[in-house]
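> The structure is given below, and queries will be raised subsequently.
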Amino acid sequence: MPHRAHRVAIAVLAATSTVLAAAGCSGAGGGGGSGGGKTINVLMVNNPQMLDIQKLTADNFTKQTGITVNYTVLPENDVRDKISQEFSSQAGQYDVATISNFEVPFYAKNGWLTPLDEHVAKDSAFNQADILKPMTTSLTAADGKLYAEPFYGESSFLMYRKDVFAAKGLTMPEKPTWQQVADLAAKADGAQPGMKGICLRGQPGWGQLFAPLTTVVNTFGGTWFTKDWQAQVNSPEFTRATNFYVDLVRKHGEAGAPQAGFTECLNNFVQGKVAMWYDATSAAGSIEASGSPVAGKAGYALAPVDRTPSSGWLYTWAWGIQKASKNADNAWKFISWASSSEYEKLVGSQLGWAKVPDGKRASLYANPQYQQAAAAFYRVTEQAITTADPGNPGVQARPAPGIQFVGIPEFTDLGTQVSQGVSSAIAGRTSVNQALADGQRLAEQVAEKYRGK
């Protein structure tokens with residue numbers, strides 16, 4: 001998801017194609033496994049921060065350690081599937097993968113991950129205490145062991161074009177409600193030629209469409225399941241939230257919304273095709289990067305609410321070591337570098353401080369260089385991350401932790417299947433009521449399994 005100048009979409013496609021080609025040529029993901037001494041294989045998502053580390057690895061990490069890193073880089077939905085297949089089979093083909101706080105609890109329970117506590121204890125330079133507490137907690141399993149280190153952390157917030165709002169005489173509240181956002185989207189629609197009021201993900205996927213939509217469900221008073229595992233997908237609150245989301249994106253959202261995920265909305269915002277965007281706080285670094293045509297033009301507000309005081313999610317793309325890896329020590333050396341404050345300084349000096357993979361270390365938010373470069377968004381980002389509450393994200397008790405997801409393995413399939421129906425509703429091919437009725441039947445099957453435990 002590169003974001004430079006006016007060639008954003010072309011750059012995205014070119015960079016992704018180049019990365020995939022390079023990964024294929026390197027043999028990462030090919031035969032032979034990962035037992036090759038001073039070489040490790042890393043499987044990761046194709047977000048901008050990951051594309052940056054790929055550029056910086058050879059001249060820095062490899063030069064310092066002699067460890068070659070073979071990267072395989074895939075889009076989010078694809079990489080999730082491949083990581084799940086790889087770690088569940090324990091083939092040992094990849095040493096390190098980008099996993100999240102969603103996967104850690106059950107990957108750890110299944111014995112698919114290497115605990116990192118001993119590595120951390122021996123690595124005095126890493127400074128685990130500097131990692132923001134919500135991140136460490138979210139990557140620690142029920143056995144009390146740490147199983148991953150964050151590359152970057154994020155919550156969610158609302159991004160908007162300050163210049164467009166000023167020209168239209170619009171004011172963004174510091175803590176907007178969803179109804180205020182809908183009203184602003186209607187007024188900002190068409191503010192510039194071809195500009196729509198807002199971008200909201202419509203691409204199917206539990207980690208695509210349902211990441212933002214579940215936060216809307218939470219704040220509208222809905223939930224996937226009650227504390228005693230009663231499915232609530234077609235409840236009045238869940239239905240109202242989904243109808244609101246679908247109506248907003250159909251009336252004032254981006255072109256091609258049923259296929260739009262994080263990458264597409266990032267491109268739409270940077271290219272000036274939308275006036276607002278609700279999504280991950282990690283997007284701000286791309287928006288404010290040197291060469292971005294909207295750098296300095298964006299404002300940032302806390303995640304919109306309805307019935308709850310806050311609604312931002314909590315998420316981290318983190319590095320985990322496969323239990324079957326034969327290169328755990330070298331894999332830790334990579335993680336220690338990739339998640340370090342020194343790596344943040346490297347990105348700051350070579351690529352610009354706005355592009356630092358943030359949201360994980362307290363020291364970064366005290367760094368004057370970062371504060372200056374990220375002045376537009378760092379305070380609201382830190383506030384969103386540190387106040388997120390995965391254990392209590394709505395108006396009722398939940399049976400499993402999670403804000404934008406339900407922390408059970410079955411949610412990957414459940415959320416994805418229900419998202420397909422909602423995406424079809426955005427496309428006008430079905431109704432929200434039908435999509436959620438179908439989703440309720442699927443959710444009841446999951447709930448029945450857990451009620452029996």
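Ligands are numbered from 1 in the order shown, chains are lettered A, B, ... in the order of the structure tokens, and residues start at 1 in each chain.
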Select from range 173-341 of chain A everything DSSP, run on the backbone, classes as strand (DSSP E), then give the selection as JSON, numbers by chain.
{"A": [276, 277, 278, 279, 280, 298, 299, 300, 301, 302, 315, 316, 317, 318, 319, 320, 321]}
> What are the DSSP helix (DSSP H, G or I) residues of range 373-416 of chain A, as a list in words?
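DSSP on the backbone gives helix (DSSP H, G or I) at Ala373, Tyr378, Arg379, Val380, Thr381, Glu382, Gln383, Ala384, Ile385, Thr386, Thr387, Phe411, Thr412, Asp413, Leu414, Gly415 and Thr416 of chain A.
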> Write out the residues from the selection above, keeping N, CA and C atoms, as an mmCIF file, in the first residue's frame.

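Saved as out_26.cif:
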data_model
loop_
_atom_site.group_PDB
_atom_site.id
_atom_site.type_symbol
_atom_site.label_atom_id
_atom_site.label_comp_id
_atom_site.auth_asym_id
_atom_site.auth_seq_id
_atom_site.Cartn_x
_atom_site.Cartn_y
_atom_site.Cartn_z
ATOM 1 N N ALA A 373 6.823 15.294 13.491
ATOM 2 C CA ALA A 373 6.378 14.736 12.219
ATOM 3 C C ALA A 373 4.943 14.229 12.294
ATOM 4 N N TYR A 378 -0.520 11.925 16.446
ATOM 5 C CA TYR A 378 0.047 11.015 17.455
ATOM 6 C C TYR A 378 -0.715 11.037 18.779
ATOM 7 N N ARG A 379 -1.220 12.187 19.186
ATOM 8 C CA ARG A 379 -1.938 12.243 20.467
ATOM 9 C C ARG A 379 -3.244 11.446 20.407
ATOM 10 N N VAL A 380 -4.004 11.616 19.346
ATOM 11 C CA VAL A 380 -5.274 10.898 19.244
ATOM 12 C C VAL A 380 -5.035 9.408 19.057
ATOM 13 N N THR A 381 -3.940 9.044 18.380
ATOM 14 C CA THR A 381 -3.603 7.630 18.223
ATOM 15 C C THR A 381 -3.275 7.004 19.577
ATOM 16 N N GLU A 382 -2.403 7.660 20.336
ATOM 17 C CA GLU A 382 -2.021 7.130 21.648
ATOM 18 C C GLU A 382 -3.245 7.022 22.559
ATOM 19 N N GLN A 383 -4.103 8.034 22.527
ATOM 20 C CA GLN A 383 -5.308 7.997 23.355
ATOM 21 C C GLN A 383 -6.211 6.837 22.960
ATOM 22 N N ALA A 384 -6.367 6.631 21.657
ATOM 23 C CA ALA A 384 -7.244 5.554 21.183
ATOM 24 C C ALA A 384 -6.714 4.183 21.598
ATOM 25 N N ILE A 385 -5.403 3.983 21.497
ATOM 26 C CA ILE A 385 -4.814 2.683 21.843
ATOM 27 C C ILE A 385 -4.892 2.418 23.343
ATOM 28 N N THR A 386 -4.509 3.405 24.125
ATOM 29 C CA THR A 386 -4.401 3.183 25.571
ATOM 30 C C THR A 386 -5.764 3.114 26.259
ATOM 31 N N THR A 387 -6.828 3.600 25.614
ATOM 32 C CA THR A 387 -8.159 3.553 26.231
ATOM 33 C C THR A 387 -9.022 2.426 25.675
ATOM 34 N N PHE A 411 -14.425 -17.551 14.593
ATOM 35 C CA PHE A 411 -14.849 -16.254 14.071
ATOM 36 C C PHE A 411 -14.284 -15.978 12.678
ATOM 37 N N THR A 412 -13.144 -16.564 12.343
ATOM 38 C CA THR A 412 -12.599 -16.318 11.005
ATOM 39 C C THR A 412 -13.585 -16.761 9.931
ATOM 40 N N ASP A 413 -14.173 -17.929 10.106
ATOM 41 C CA ASP A 413 -15.128 -18.443 9.130
ATOM 42 C C ASP A 413 -16.485 -17.767 9.279
ATOM 43 N N LEU A 414 -16.949 -17.623 10.514
ATOM 44 C CA LEU A 414 -18.242 -16.991 10.756
ATOM 45 C C LEU A 414 -18.258 -15.554 10.246
ATOM 46 N N GLY A 415 -17.272 -14.763 10.669
ATOM 47 C CA GLY A 415 -17.229 -13.366 10.258
ATOM 48 C C GLY A 415 -17.110 -13.204 8.760
ATOM 49 N N THR A 416 -16.319 -14.059 8.139
ATOM 50 C CA THR A 416 -16.142 -13.966 6.683
ATOM 51 C C THR A 416 -17.429 -14.312 5.950
#
> Between A:Arg80, A:Lys345, A:Lys360, A:Lys251, which residue has the minimum interatomic distance to Val45 in chain A, considering only C-alpha atoms?
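Looking at the shortest contact to Val45 in chain A, the residue is A:Arg80.
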> Excluding range 202-210 of chain A and any residue of its chain fewer than 5 positions from it, enumerate the residues within 6 Å of it, using only C-alpha atoms, and give them as an mmCIF file with C-alpha atoms, in the first residue's frame.

data_model
loop_
_atom_site.group_PDB
_atom_site.id
_atom_site.type_symbol
_atom_site.label_atom_id
_atom_site.label_comp_id
_atom_site.auth_asym_id
_atom_site.auth_seq_id
_atom_site.Cartn_x
_atom_site.Cartn_y
_atom_site.Cartn_z
ATOM 1 C CA ALA A 257 -17.344 -0.186 -2.166
ATOM 2 C CA PRO A 258 -18.123 -3.949 -2.189
ATOM 3 C CA GLN A 259 -14.487 -4.583 -3.186
ATOM 4 C CA ALA A 260 -12.895 -1.865 -1.035
ATOM 5 C CA GLY A 261 -10.728 -2.874 1.910
ATOM 6 C CA THR A 412 -12.599 -16.318 11.005
ATOM 7 C CA GLY A 415 -17.229 -13.366 10.258
ATOM 8 C CA THR A 416 -16.142 -13.966 6.683
ATOM 9 C CA SER A 419 -19.461 -10.372 5.649
ATOM 10 C CA GLN A 420 -20.151 -11.834 2.227
ATOM 11 C CA SER A 423 -21.022 -6.928 1.103
#
> In terms of the shortest atom-to-atom distance over only C-alpha atoms, which of A:Ile99, A:Val270, A:Ala142, A:Val305 is closest to Gly221 in chain A?
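Of A:Ile99, A:Val270, A:Ala142, A:Val305, the one nearest Gly221 in chain A, counting only C-alpha atoms, is A:Val305.
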> Need to verify the contact set: Asn243 in chain A, 10 Å, only C-alpha atoms, exclusion of same-chain residues closer than 5 positions in sequence. Can you return it as a PyMOL selection string?
chain A and resi 237-238+248+422+425-426+431-433
> Looking at A:Gln180, A:Gln434, A:Ser339, A:Gln445, which one is nearest to Asp130 in chain A, with distances taken over only C-alpha atoms?
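Closest residue, counting only C-alpha atoms: A:Ser339.
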> Could you give me, as a VMD selection string, the residues within 7 Å of Arg161 in chain A, counting only C-alpha atoms and dropping anything in the same chain fewer than 5 positions from it?
chain A and resid 275 to 276 297 to 299
> Of the candidates A:Ser100, A:Asn70, A:Asn327, A:Thr177, which shows the shortest atom-to-atom distance to Arg307 in chain A, using only C-alpha atoms?
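Using only C-alpha atoms, the shortest distance to Arg307 in chain A belongs to A:Thr177.
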> Please determine, counting only C-alpha atoms, which residue among A:Leu43, A:Leu116, A:Ala186, A:Val446 has the shortest atom-to-atom distance to Gln232 in chain A.
A:Val446
> At what distance in Å, to one decimal, does CA of Phe377 in chain A lie from CA of Gly169 in chain A?
22.1 Å
> Hey, which of A:Ala141, A:Val418, A:Leu364, A:Ile40 ends up closest to Val233 in chain A? Count only C-alpha atoms.
A:Val418
> I'd like the interatomic distance between CA of Gly144 in chain A and CA of Val104 in chain A, to a tenth of an Å.
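Value for the CA of Gly144 in chain A-CA of Val104 in chain A distance: 12.0 Å.
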> Report, in Å to a single decimal, how far apart CA of Lys82 in chain A and CA of Gln128 in chain A are.
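Computed distance, CA of Gln128 in chain A to CA of Lys82 in chain A, equals 29.0 Å.
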